[in-house]
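Okay, final12.txt is below, compact mmCIF, C-alpha atoms:
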```
# COMPACT_ATOMS: atom_id res chain seq x y z
CA MET D 1 155.27 -87.12 76.81
CA SER D 2 157.88 -86.95 74.07
CA PHE D 3 159.98 -84.59 72.01
CA ALA D 4 160.03 -85.32 68.29
CA ILE D 5 162.58 -83.51 66.16
CA LYS D 6 162.46 -83.32 62.39
CA LYS D 7 163.87 -81.07 59.69
CA GLN D 8 161.65 -78.83 57.59
CA GLY D 9 163.96 -77.23 55.04
CA ASP D 10 166.85 -75.87 57.07
CA VAL D 11 164.79 -75.56 60.26
CA CYS D 12 164.88 -78.05 63.11
CA VAL D 13 161.27 -78.43 64.30
CA VAL D 14 160.68 -79.77 67.79
CA ASP D 15 157.20 -81.01 68.73
CA VAL D 16 156.56 -81.01 72.47
CA GLU D 17 153.92 -83.67 73.12
CA GLY D 18 152.47 -83.69 76.64
CA GLN D 19 153.91 -81.68 79.49
CA LEU D 20 157.20 -79.78 79.63
CA ILE D 21 158.02 -80.02 83.32
CA VAL D 22 160.76 -80.63 85.83
CA GLY D 23 160.77 -84.38 85.19
CA ASN D 24 161.53 -84.19 81.45
CA ARG D 25 163.02 -80.77 80.76
CA GLN D 26 166.60 -82.14 80.57
CA GLU D 27 165.57 -84.47 77.77
CA LEU D 28 164.40 -81.56 75.64
CA LYS D 29 167.49 -79.54 76.48
CA GLN D 30 169.85 -82.35 75.56
CA LYS D 31 168.08 -83.10 72.27
CA VAL D 32 168.35 -79.48 71.15
CA LEU D 33 171.95 -79.16 72.34
CA ASP D 34 172.79 -82.30 70.34
CA GLU D 35 171.33 -80.68 67.23
CA ILE D 36 173.36 -77.49 67.84
CA GLU D 37 176.42 -79.71 68.16
CA ARG D 38 175.58 -81.28 64.79
CA GLY D 39 175.55 -77.82 63.23
CA GLU D 40 171.86 -76.95 63.24
CA ARG D 41 171.17 -73.25 63.79
CA LYS D 42 167.48 -72.63 63.13
CA PHE D 43 164.99 -74.03 65.65
CA LEU D 44 161.24 -73.91 65.93
CA ILE D 45 159.53 -75.39 68.99
CA ASP D 46 155.89 -76.26 68.31
CA PHE D 47 153.54 -76.42 71.32
CA SER D 48 150.35 -77.48 69.55
CA GLN D 49 150.43 -80.86 71.36
CA THR D 50 151.58 -79.47 74.71
CA GLY D 51 149.57 -79.62 77.93
CA TYR D 52 151.22 -77.38 80.47
CA ILE D 53 154.69 -75.99 81.17
CA ASP D 54 156.07 -75.43 84.66
CA SER D 55 158.79 -73.01 85.78
CA SER D 56 161.50 -75.59 85.07
CA GLY D 57 160.21 -76.00 81.53
CA LEU D 58 160.21 -72.24 81.07
CA GLY D 59 163.74 -72.17 82.47
CA VAL D 60 164.93 -74.69 79.90
CA LEU D 61 163.42 -72.63 77.09
CA VAL D 62 165.27 -69.56 78.41
CA SER D 63 168.48 -71.60 78.60
CA LEU D 64 168.06 -72.92 75.06
CA SER D 65 167.38 -69.45 73.69
CA LYS D 66 170.72 -68.34 75.11
CA LYS D 67 172.58 -71.41 73.81
CA ILE D 68 171.11 -70.98 70.34
CA ARG D 69 171.91 -67.27 70.32
CA GLU D 70 175.49 -67.97 71.44
CA ALA D 71 175.80 -70.35 68.49
CA ALA D 72 174.60 -67.54 66.19
CA GLY D 73 171.34 -69.37 65.66
CA GLU D 74 167.69 -68.42 65.86
CA LEU D 75 164.75 -69.78 67.87
CA ARG D 76 161.03 -69.44 67.26
CA LEU D 77 158.14 -70.72 69.36
CA ALA D 78 154.79 -71.54 67.76
CA ASN D 79 151.24 -72.67 68.46
CA LEU D 80 150.89 -71.57 72.08
CA ASN D 81 147.30 -72.08 73.23
CA ASP D 82 145.59 -69.40 75.32
CA ASP D 83 146.70 -70.92 78.63
CA LEU D 84 150.33 -71.14 77.52
CA LYS D 85 150.17 -67.58 76.17
CA THR D 86 148.96 -66.47 79.59
CA LEU D 87 151.90 -68.26 81.19
CA PHE D 88 154.37 -66.46 78.93
CA GLU D 89 152.63 -63.13 79.54
CA LEU D 90 152.62 -63.56 83.32
CA THR D 91 156.35 -64.22 83.30
CA LYS D 92 156.98 -61.61 80.56
CA LEU D 93 158.76 -64.29 78.57
CA ASP D 94 156.56 -63.25 75.65
CA THR D 95 159.00 -60.32 75.40
CA LEU D 96 162.04 -62.59 75.28
CA PHE D 97 160.93 -65.06 72.62
CA GLN D 98 159.76 -64.65 69.06
CA ILE D 99 156.37 -66.34 69.15
CA ALA D 100 154.45 -67.24 66.00
CA ASP D 101 150.75 -68.06 65.88
CA THR D 102 151.26 -71.05 63.60
CA ARG D 103 154.03 -73.39 62.57
CA GLU D 104 153.93 -71.96 59.04
CA ASP D 105 154.25 -68.40 60.31
CA GLY D 106 157.18 -69.50 62.45
CA LEU D 107 158.92 -71.24 59.55
CA ASN D 108 158.40 -68.22 57.31
CA SER D 109 159.84 -65.85 59.93
CA PHE D 110 163.44 -67.05 59.62
CA MET K 1 145.64 -91.53 103.96
CA THR K 2 147.00 -93.72 101.16
CA ASP K 3 150.72 -94.45 101.30
CA LEU K 4 152.19 -95.48 97.97
CA THR K 5 155.47 -97.09 97.15
CA ASP K 6 155.34 -97.51 93.39
CA GLY K 7 153.96 -95.74 90.33
CA ALA K 8 151.61 -98.53 89.27
CA ALA K 9 149.84 -98.43 92.63
CA LEU K 10 149.62 -94.67 92.33
CA ASP K 11 147.84 -94.93 88.99
CA VAL K 12 145.33 -97.43 90.38
CA ILE K 13 144.60 -95.28 93.40
CA LEU K 14 144.46 -91.96 91.60
CA GLY K 15 142.51 -93.30 88.63
CA ASP K 16 139.34 -93.50 90.65
CA THR K 17 139.97 -91.04 93.43
CA ARG K 18 137.60 -88.28 94.41
CA PHE K 19 138.18 -85.35 96.73
CA PRO K 20 139.07 -85.23 99.54
CA LEU K 21 142.41 -86.66 98.51
CA ASP K 22 145.12 -87.67 100.96
CA VAL K 23 148.06 -89.48 99.44
CA ARG K 24 151.72 -89.94 100.31
CA PHE K 25 154.37 -90.92 97.78
CA PRO K 26 158.17 -91.14 97.43
CA SER K 27 160.23 -88.08 96.50
CA ASP K 28 160.49 -88.91 92.82
CA LEU K 29 159.79 -86.29 90.14
CA ARG K 30 158.11 -88.91 87.95
CA TYR K 31 155.08 -88.89 90.27
CA ILE K 32 154.26 -85.25 89.65
CA GLU K 33 152.49 -85.58 86.31
CA ARG K 34 150.22 -88.37 87.54
CA VAL K 35 149.32 -86.65 90.79
CA VAL K 36 148.65 -83.35 89.02
CA GLY K 37 146.54 -85.15 86.42
CA ALA K 38 144.36 -86.72 89.12
CA VAL K 39 143.75 -83.39 90.84
CA SER K 40 142.97 -81.64 87.54
CA ARG K 41 140.51 -84.37 86.55
CA ASN K 42 138.75 -84.00 89.89
CA CYS K 43 138.50 -80.27 89.38
CA ALA K 44 137.12 -80.73 85.88
CA ALA K 45 134.50 -83.13 87.22
CA LEU K 46 133.49 -80.42 89.70
CA SER K 47 133.02 -77.94 86.85
CA PHE K 48 136.01 -75.76 87.58
CA SER K 49 136.85 -73.66 84.53
CA ASP K 50 139.19 -74.86 81.79
CA ARG K 51 141.65 -72.17 82.83
CA VAL K 52 141.73 -73.56 86.37
CA CYS K 53 142.01 -77.20 85.25
CA ASN K 54 144.49 -76.69 82.42
CA LEU K 55 146.71 -73.91 83.74
CA GLN K 56 146.26 -72.74 87.31
CA ILE K 57 146.07 -76.10 89.09
CA PRO K 58 148.61 -77.98 86.96
CA VAL K 59 151.29 -75.30 87.10
CA ALA K 60 150.84 -74.21 90.71
CA LEU K 61 150.62 -77.77 92.03
CA SER K 62 153.60 -78.90 89.92
CA GLU K 63 155.65 -76.10 91.45
CA ALA K 64 154.67 -77.04 94.99
CA LEU K 65 155.35 -80.74 94.42
CA SER K 66 158.69 -80.19 92.71
CA ASN K 67 159.80 -77.82 95.49
CA ALA K 68 158.87 -80.48 98.05
CA ILE K 69 160.71 -83.24 96.19
CA LEU K 70 163.80 -81.28 95.14
CA TYR K 71 164.37 -78.88 98.02
CA GLY K 72 162.29 -80.13 100.95
CA ASN K 73 163.29 -83.78 100.64
CA GLY K 74 166.42 -83.40 98.53
CA GLU K 75 165.14 -86.07 96.10
CA ASP K 76 165.67 -88.69 98.78
CA VAL K 77 163.15 -91.37 97.74
CA SER K 78 163.00 -92.69 101.29
CA LYS K 79 161.37 -89.40 102.25
CA ARG K 80 157.69 -88.88 101.44
CA VAL K 81 155.64 -86.08 100.02
CA ARG K 82 152.04 -85.83 101.20
CA LEU K 83 149.30 -84.18 99.19
CA ARG K 84 145.95 -83.34 100.68
CA ALA K 85 143.25 -81.85 98.49
CA LYS K 86 139.81 -80.79 99.55
CA VAL K 87 137.08 -78.68 98.08
CA ASP K 88 133.93 -77.04 99.37
CA ASP K 89 131.53 -74.40 98.10
CA ARG K 90 134.00 -71.62 98.75
CA SER K 91 137.43 -72.91 97.83
CA LEU K 92 139.82 -75.59 96.67
CA VAL K 93 142.67 -76.18 99.12
CA LEU K 94 145.82 -78.12 98.23
CA GLU K 95 148.40 -78.89 100.92
CA VAL K 96 151.81 -80.26 99.98
CA ALA K 97 153.95 -81.50 102.88
CA ASP K 98 157.58 -82.60 102.85
CA GLU K 99 160.08 -83.68 105.49
CA GLY K 100 162.30 -80.62 105.16
CA LYS K 101 162.86 -77.70 107.46
CA GLY K 102 160.81 -75.30 105.40
CA PHE K 103 161.66 -71.88 104.09
CA ASP K 104 160.73 -68.29 104.65
CA LEU K 105 157.97 -67.60 102.16
CA GLU K 106 158.07 -63.87 102.79
CA ALA K 107 161.80 -63.71 102.06
CA CYS K 108 161.22 -65.08 98.55
CA THR K 109 160.14 -61.92 96.81
CA SER K 110 162.44 -61.61 93.81
CA ASP K 111 160.61 -60.60 90.65
CA PRO K 112 161.47 -62.91 87.73
CA THR K 113 159.87 -60.45 85.31
CA SER K 114 162.35 -57.65 86.04
CA PRO K 115 164.84 -56.99 83.22
CA GLU K 116 167.81 -58.26 85.26
CA ASN K 117 166.04 -61.55 86.06
CA LEU K 118 164.20 -62.21 82.81
CA GLU K 119 166.92 -64.43 81.36
CA ARG K 120 167.47 -66.41 84.53
CA GLU K 121 166.61 -70.08 84.25
CA ASP K 122 165.24 -70.33 87.79
CA GLY K 123 163.21 -68.21 90.17
CA ARG K 124 159.73 -68.47 88.62
CA GLY K 125 158.18 -71.24 90.73
CA LEU K 126 156.93 -69.32 93.74
CA PHE K 127 156.05 -66.36 91.54
CA LEU K 128 153.78 -68.56 89.42
CA MET K 129 152.16 -70.14 92.48
CA ARG K 130 151.32 -66.70 93.80
CA ARG K 131 150.01 -65.43 90.48
CA LEU K 132 147.92 -68.51 89.71
CA MET K 133 146.44 -69.14 93.18
CA ASP K 134 144.46 -66.79 95.42
CA ARG K 135 146.56 -67.61 98.48
CA VAL K 136 149.92 -69.30 99.13
CA GLU K 137 150.85 -70.05 102.73
CA ARG K 138 153.60 -72.03 104.46
CA PHE K 139 153.48 -73.51 107.91
CA THR K 140 154.85 -76.37 109.98
CA ASP K 141 152.71 -79.39 110.86
CA ASN K 142 154.88 -82.45 111.47
CA GLY K 143 156.94 -81.18 108.54
CA ASN K 144 156.95 -78.36 106.09
CA VAL K 145 153.59 -77.60 104.45
CA VAL K 146 152.71 -75.31 101.58
CA ARG K 147 149.00 -74.57 101.26
CA LEU K 148 147.55 -73.35 97.98
CA THR K 149 144.04 -71.91 98.04
CA LEU K 150 141.87 -71.13 95.05
CA LEU K 151 138.59 -69.39 95.77
CA ARG K 152 135.48 -70.46 93.89
CA THR K 153 133.85 -67.39 92.46
```
Translate the structure described by the file into structure tokens.
Amino acid sequence: MSFAIKKQGDVCVVDVEGQLIVGNRQELKQKVLDEIERGERKFLIDFSQTGYIDSSGLGVLVSLSKKIREAAGELRLANLNDDLKTLFELTKLDTLFQIADTREDGLNSF
Amino acid sequence: MTDLTDGAALDVILGDTRFPLDVRFPSDLRYIERVVGAVSRNCAALSFSDRVCNLQIPVALSEALSNAILYGNGEDVSKRVRLRAKVDDRSLVLEVADEGKGFDLEACTSDPTSPENLEREDGRGLFLMRRLMDRVERFTDNGNVVRLTLLRT
């Protein structure tokens, strides 16, 4: 499991590799908060390499969406597989986040 | 029952484990991913659907294990979490036991999908267990036990 962050244009792209769960959610949160602190405002979190997300992982995404909004930034999610889409639909978090089918669509939506 | 004290031993045991599973491990969140992986692999070997193996079991069991570690045992590594998993023609049953006093399952009914709760960071664990499993029960048996049941259809 790891969280790789790189810049694509003016967007900070975060790849979530493996699971996003209670044991590692703080690592993701801190990495994104550090980027906000550095002045980054556009974030895309790519889940193409993600296994599953638990309620703590969902909670961190909700928290980050608020932090980014408070910093006048924008957040996109991309590449949710069918299982992850179901998770977002069950929790109605698909109504809270802007979710793109692909990374390119997400990058073009800013 | 297998009682484990370190992660390496857990990997050895779980790497070749088949149901029924009965394992006890310290209250450390780092164990969750490995334990969940072992249960999901077993389910896949038994031809459970991808949805069950990749979503329902991983998420519901992660929630039960993290509740046991964080709230039941207060992340005290001297306290153990016990997982029992068994399967038959009708169902898969997962029982997660901790050393806590338990909680009132029926009192936990808040809806995390309601507009006032949607932006809360917490409150989705039990909701997801209930939505992803056919039955969620809690009882006391030398400790607090949460039983997750998934029917085989």
Polymer residues at most 12 Å from Ala44 of chain K, all atoms listed in the file, same-chain spacing of 3 or more positions, as number ranges by chain | K: 18-19, 37-41, 47-55, 57-58
Write out as a short mmCIF file (atom, residue, chain, number, x, y, z; two decimals) with C-alpha atoms, in the coordinates of the input the residues lying within 7 Å of segment 130-147 of chain K, counting all atoms listed in the file and excluding same-chain residues fewer than 4 positions away.
```cif
data_model
loop_
_atom_site.label_atom_id
_atom_site.label_comp_id
_atom_site.auth_asym_id
_atom_site.auth_seq_id
_atom_site.Cartn_x
_atom_site.Cartn_y
_atom_site.Cartn_z
CA GLN K 56 146.26 -72.74 87.31
CA ALA K 60 150.84 -74.21 90.71
CA VAL K 93 142.67 -76.18 99.12
CA LEU K 94 145.82 -78.12 98.23
CA GLU K 95 148.40 -78.89 100.92
CA VAL K 96 151.81 -80.26 99.98
CA ALA K 97 153.95 -81.50 102.88
CA ASP K 98 157.58 -82.60 102.85
CA GLU K 99 160.08 -83.68 105.49
CA GLY K 100 162.30 -80.62 105.16
CA LYS K 101 162.86 -77.70 107.46
CA GLY K 102 160.81 -75.30 105.40
CA LEU K 105 157.97 -67.60 102.16
CA LEU K 126 156.93 -69.32 93.74
CA LEU K 151 138.59 -69.39 95.77
#
```
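Residues with any atom within 12 Å of the point (176.7, -77.2, 64.5), counting only C-alpha atoms, are D:Cys12, D:Val32, D:Leu33, D:Asp34, D:Glu35, D:Ile36, D:Glu37, D:Arg38, D:Gly39, D:Glu40, D:Arg41, D:Lys42, D:Lys67, D:Ile68, D:Glu70, D:Ala71, D:Ala72, D:Gly73.
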Could you list, as a PDB file with C-alpha atoms, in the coordinates of the input, every residue within 9 Å of segment 93-95 of chain D, counting all atoms listed in the file and ignoring same-chain residues fewer than 2 positions away?
```pdb
ATOM      1  CA  LEU D  58     160.210 -72.240  81.070  1.00  0.00           C
ATOM      2  CA  VAL D  62     165.270 -69.560  78.410  1.00  0.00           C
ATOM      3  CA  LYS D  85     150.170 -67.580  76.170  1.00  0.00           C
ATOM      4  CA  LEU D  87     151.900 -68.260  81.190  1.00  0.00           C
ATOM      5  CA  PHE D  88     154.370 -66.460  78.930  1.00  0.00           C
ATOM      6  CA  GLU D  89     152.630 -63.130  79.540  1.00  0.00           C
ATOM      7  CA  LEU D  90     152.620 -63.560  83.320  1.00  0.00           C
ATOM      8  CA  THR D  91     156.350 -64.220  83.300  1.00  0.00           C
ATOM      9  CA  PHE D  97     160.930 -65.060  72.620  1.00  0.00           C
ATOM     10  CA  GLN D  98     159.760 -64.650  69.060  1.00  0.00           C
ATOM     11  CA  ILE D  99     156.370 -66.340  69.150  1.00  0.00           C
TER      12      ILE D  99
ATOM     13  CA  THR K 113     159.870 -60.450  85.310  1.00  0.00           C
ATOM     14  CA  LEU K 118     164.200 -62.210  82.810  1.00  0.00           C
ATOM     15  CA  GLU K 119     166.920 -64.430  81.360  1.00  0.00           C
TER      16      GLU K 119
END
```
Would you kindly report the residues of chain K within 7 Å of chain D, using all atoms listed in the file, as an MDAnalysis selection string?
-> chainID K and resid 29:30 51 55 59 62:63 112:113 119 121:122 124:125
Selected residues, C-alpha atoms, written as a short mmCIF file (atom, residue, chain, number, x, y, z; two decimals), in the frame of the given file, please.
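Once everything was written out, this is again.cif:
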```cif
data_model
loop_
_atom_site.label_atom_id
_atom_site.label_comp_id
_atom_site.auth_asym_id
_atom_site.auth_seq_id
_atom_site.Cartn_x
_atom_site.Cartn_y
_atom_site.Cartn_z
CA LEU K 29 159.79 -86.29 90.14
CA ARG K 30 158.11 -88.91 87.95
CA ARG K 51 141.65 -72.17 82.83
CA LEU K 55 146.71 -73.91 83.74
CA VAL K 59 151.29 -75.30 87.10
CA SER K 62 153.60 -78.90 89.92
CA GLU K 63 155.65 -76.10 91.45
CA PRO K 112 161.47 -62.91 87.73
CA THR K 113 159.87 -60.45 85.31
CA GLU K 119 166.92 -64.43 81.36
CA GLU K 121 166.61 -70.08 84.25
CA ASP K 122 165.24 -70.33 87.79
CA ARG K 124 159.73 -68.47 88.62
CA GLY K 125 158.18 -71.24 90.73
#
```
Non-local contacts of Lys79 of chain K (12 Å; all atoms listed in the file; under 5 positions in same chain excluded) as JSON, numbers by chain | {"K": [3, 4, 5, 24, 25, 26, 27, 28, 68, 69, 70, 71, 72, 73, 74, 97, 98, 99, 100, 143]}
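Omitting Arg103 of chain D and its sequence neighbours fewer than 2 positions away, and counting only C-alpha atoms, the residues within 10 Å are D:Val13, D:Leu44, D:Ile45, D:Asp46, D:Phe47, D:Ser48, D:Arg76, D:Leu77, D:Ala78, D:Asn79, D:Ile99, D:Ala100, D:Asp101, D:Asp105, D:Gly106, D:Leu107, D:Asn108, D:Ser109.
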Atom CA of Leu65 of chain K sits from atom CA of Val81 of chain K at a separation of 7.7 Å
Using all atoms listed in the file, the shortest atom-to-atom distance to Pro20 of chain K among K:Arg152, K:Val36, K:Pro115, K:Lys86 belongs to K:Lys86
Work out how far apart atom CA of Arg25 of chain D and atom CA of Lys6 of chain D are and give it in Å to one decimal.
-> 18.6 Å
Expressed in Å, the length from atom CA of Leu21 of chain K to atom CA of Glu106 of chain K is 28.0 Å
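Using all atoms listed in the file, the smallest distance between any of D:Leu80, D:Lys29, D:Gln49, D:Glu74 and Val11 of chain D comes from D:Glu74.
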Mind filling out segment 119-145 of chain K with N, CA, C and O atoms and sending it as a short mmCIF file (atom, residue, chain, number, x, y, z; two decimals), in the coordinates of the input?
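File out12.cif, as written:
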```cif
data_model
loop_
_atom_site.label_atom_id
_atom_site.label_comp_id
_atom_site.auth_asym_id
_atom_site.auth_seq_id
_atom_site.Cartn_x
_atom_site.Cartn_y
_atom_site.Cartn_z
N GLU K 119 166.21 -63.33 82.03
CA GLU K 119 166.92 -64.43 81.36
C GLU K 119 167.50 -65.45 82.34
O GLU K 119 168.31 -66.28 81.95
N ARG K 120 167.06 -65.37 83.58
CA ARG K 120 167.47 -66.41 84.53
C ARG K 120 166.66 -67.68 84.26
O ARG K 120 165.50 -67.62 83.89
N GLU K 121 167.32 -68.81 84.49
CA GLU K 121 166.61 -70.08 84.25
C GLU K 121 165.70 -70.42 85.42
O GLU K 121 164.70 -71.13 85.26
N ASP K 122 166.01 -69.95 86.61
CA ASP K 122 165.24 -70.33 87.79
C ASP K 122 164.50 -69.11 88.36
O ASP K 122 164.55 -68.02 87.79
N GLY K 123 163.81 -69.33 89.46
CA GLY K 123 163.21 -68.21 90.17
C GLY K 123 161.76 -67.89 89.80
O GLY K 123 161.23 -66.85 90.21
N ARG K 124 161.11 -68.77 89.02
CA ARG K 124 159.73 -68.47 88.62
C ARG K 124 158.69 -69.31 89.37
O ARG K 124 157.49 -69.06 89.23
N GLY K 125 159.12 -70.30 90.12
CA GLY K 125 158.18 -71.24 90.73
C GLY K 125 157.23 -70.59 91.72
O GLY K 125 156.00 -70.69 91.58
N LEU K 126 157.77 -69.95 92.72
CA LEU K 126 156.93 -69.32 93.74
C LEU K 126 156.11 -68.17 93.14
O LEU K 126 154.94 -67.98 93.49
N PHE K 127 156.74 -67.45 92.24
CA PHE K 127 156.05 -66.36 91.54
C PHE K 127 154.79 -66.88 90.85
O PHE K 127 153.71 -66.30 90.96
N LEU K 128 154.94 -68.00 90.14
CA LEU K 128 153.78 -68.56 89.42
C LEU K 128 152.72 -69.06 90.40
O LEU K 128 151.52 -68.88 90.17
N MET K 129 153.15 -69.70 91.48
CA MET K 129 152.16 -70.14 92.48
C MET K 129 151.34 -68.96 92.97
O MET K 129 150.12 -69.02 93.09
N ARG K 130 152.02 -67.88 93.27
CA ARG K 130 151.32 -66.70 93.80
C ARG K 130 150.41 -66.07 92.76
O ARG K 130 149.33 -65.57 93.10
N ARG K 131 150.84 -66.06 91.51
CA ARG K 131 150.01 -65.43 90.48
C ARG K 131 148.83 -66.30 90.07
O ARG K 131 147.82 -65.79 89.62
N LEU K 132 148.97 -67.60 90.20
CA LEU K 132 147.92 -68.51 89.71
C LEU K 132 146.93 -68.93 90.80
O LEU K 132 145.84 -69.42 90.49
N MET K 133 147.32 -68.78 92.06
CA MET K 133 146.44 -69.14 93.18
C MET K 133 146.00 -67.86 93.89
O MET K 133 146.63 -66.82 93.79
N ASP K 134 144.91 -67.96 94.67
CA ASP K 134 144.46 -66.79 95.42
C ASP K 134 145.28 -66.60 96.69
O ASP K 134 145.41 -65.48 97.19
N ARG K 135 145.77 -67.71 97.25
CA ARG K 135 146.56 -67.61 98.48
C ARG K 135 147.62 -68.69 98.49
O ARG K 135 147.35 -69.83 98.12
N VAL K 136 148.83 -68.33 98.93
CA VAL K 136 149.92 -69.30 99.13
C VAL K 136 150.45 -69.09 100.54
O VAL K 136 150.86 -67.99 100.90
N GLU K 137 150.39 -70.15 101.35
CA GLU K 137 150.85 -70.05 102.73
C GLU K 137 151.84 -71.19 103.02
O GLU K 137 151.78 -72.24 102.38
N ARG K 138 152.70 -70.98 104.00
CA ARG K 138 153.60 -72.03 104.46
C ARG K 138 153.53 -72.12 105.96
O ARG K 138 153.46 -71.10 106.65
N PHE K 139 153.48 -73.33 106.47
CA PHE K 139 153.48 -73.51 107.91
C PHE K 139 154.08 -74.86 108.25
O PHE K 139 154.40 -75.66 107.36
N THR K 140 154.26 -75.11 109.53
CA THR K 140 154.85 -76.37 109.98
C THR K 140 153.78 -77.20 110.68
O THR K 140 153.06 -76.70 111.54
N ASP K 141 153.66 -78.47 110.24
CA ASP K 141 152.71 -79.39 110.86
C ASP K 141 153.28 -80.80 110.68
O ASP K 141 152.97 -81.48 109.72
N ASN K 142 154.12 -81.19 111.61
CA ASN K 142 154.88 -82.45 111.47
C ASN K 142 155.66 -82.46 110.16
O ASN K 142 155.72 -83.46 109.46
N GLY K 143 156.22 -81.34 109.79
CA GLY K 143 156.94 -81.18 108.54
C GLY K 143 156.59 -79.85 107.92
O GLY K 143 155.83 -79.07 108.49
N ASN K 144 157.15 -79.63 106.78
CA ASN K 144 156.95 -78.36 106.09
C ASN K 144 155.74 -78.47 105.16
O ASN K 144 155.64 -79.39 104.37
N VAL K 145 154.81 -77.53 105.26
CA VAL K 145 153.59 -77.60 104.45
C VAL K 145 153.42 -76.30 103.66
O VAL K 145 153.58 -75.21 104.20
#
```
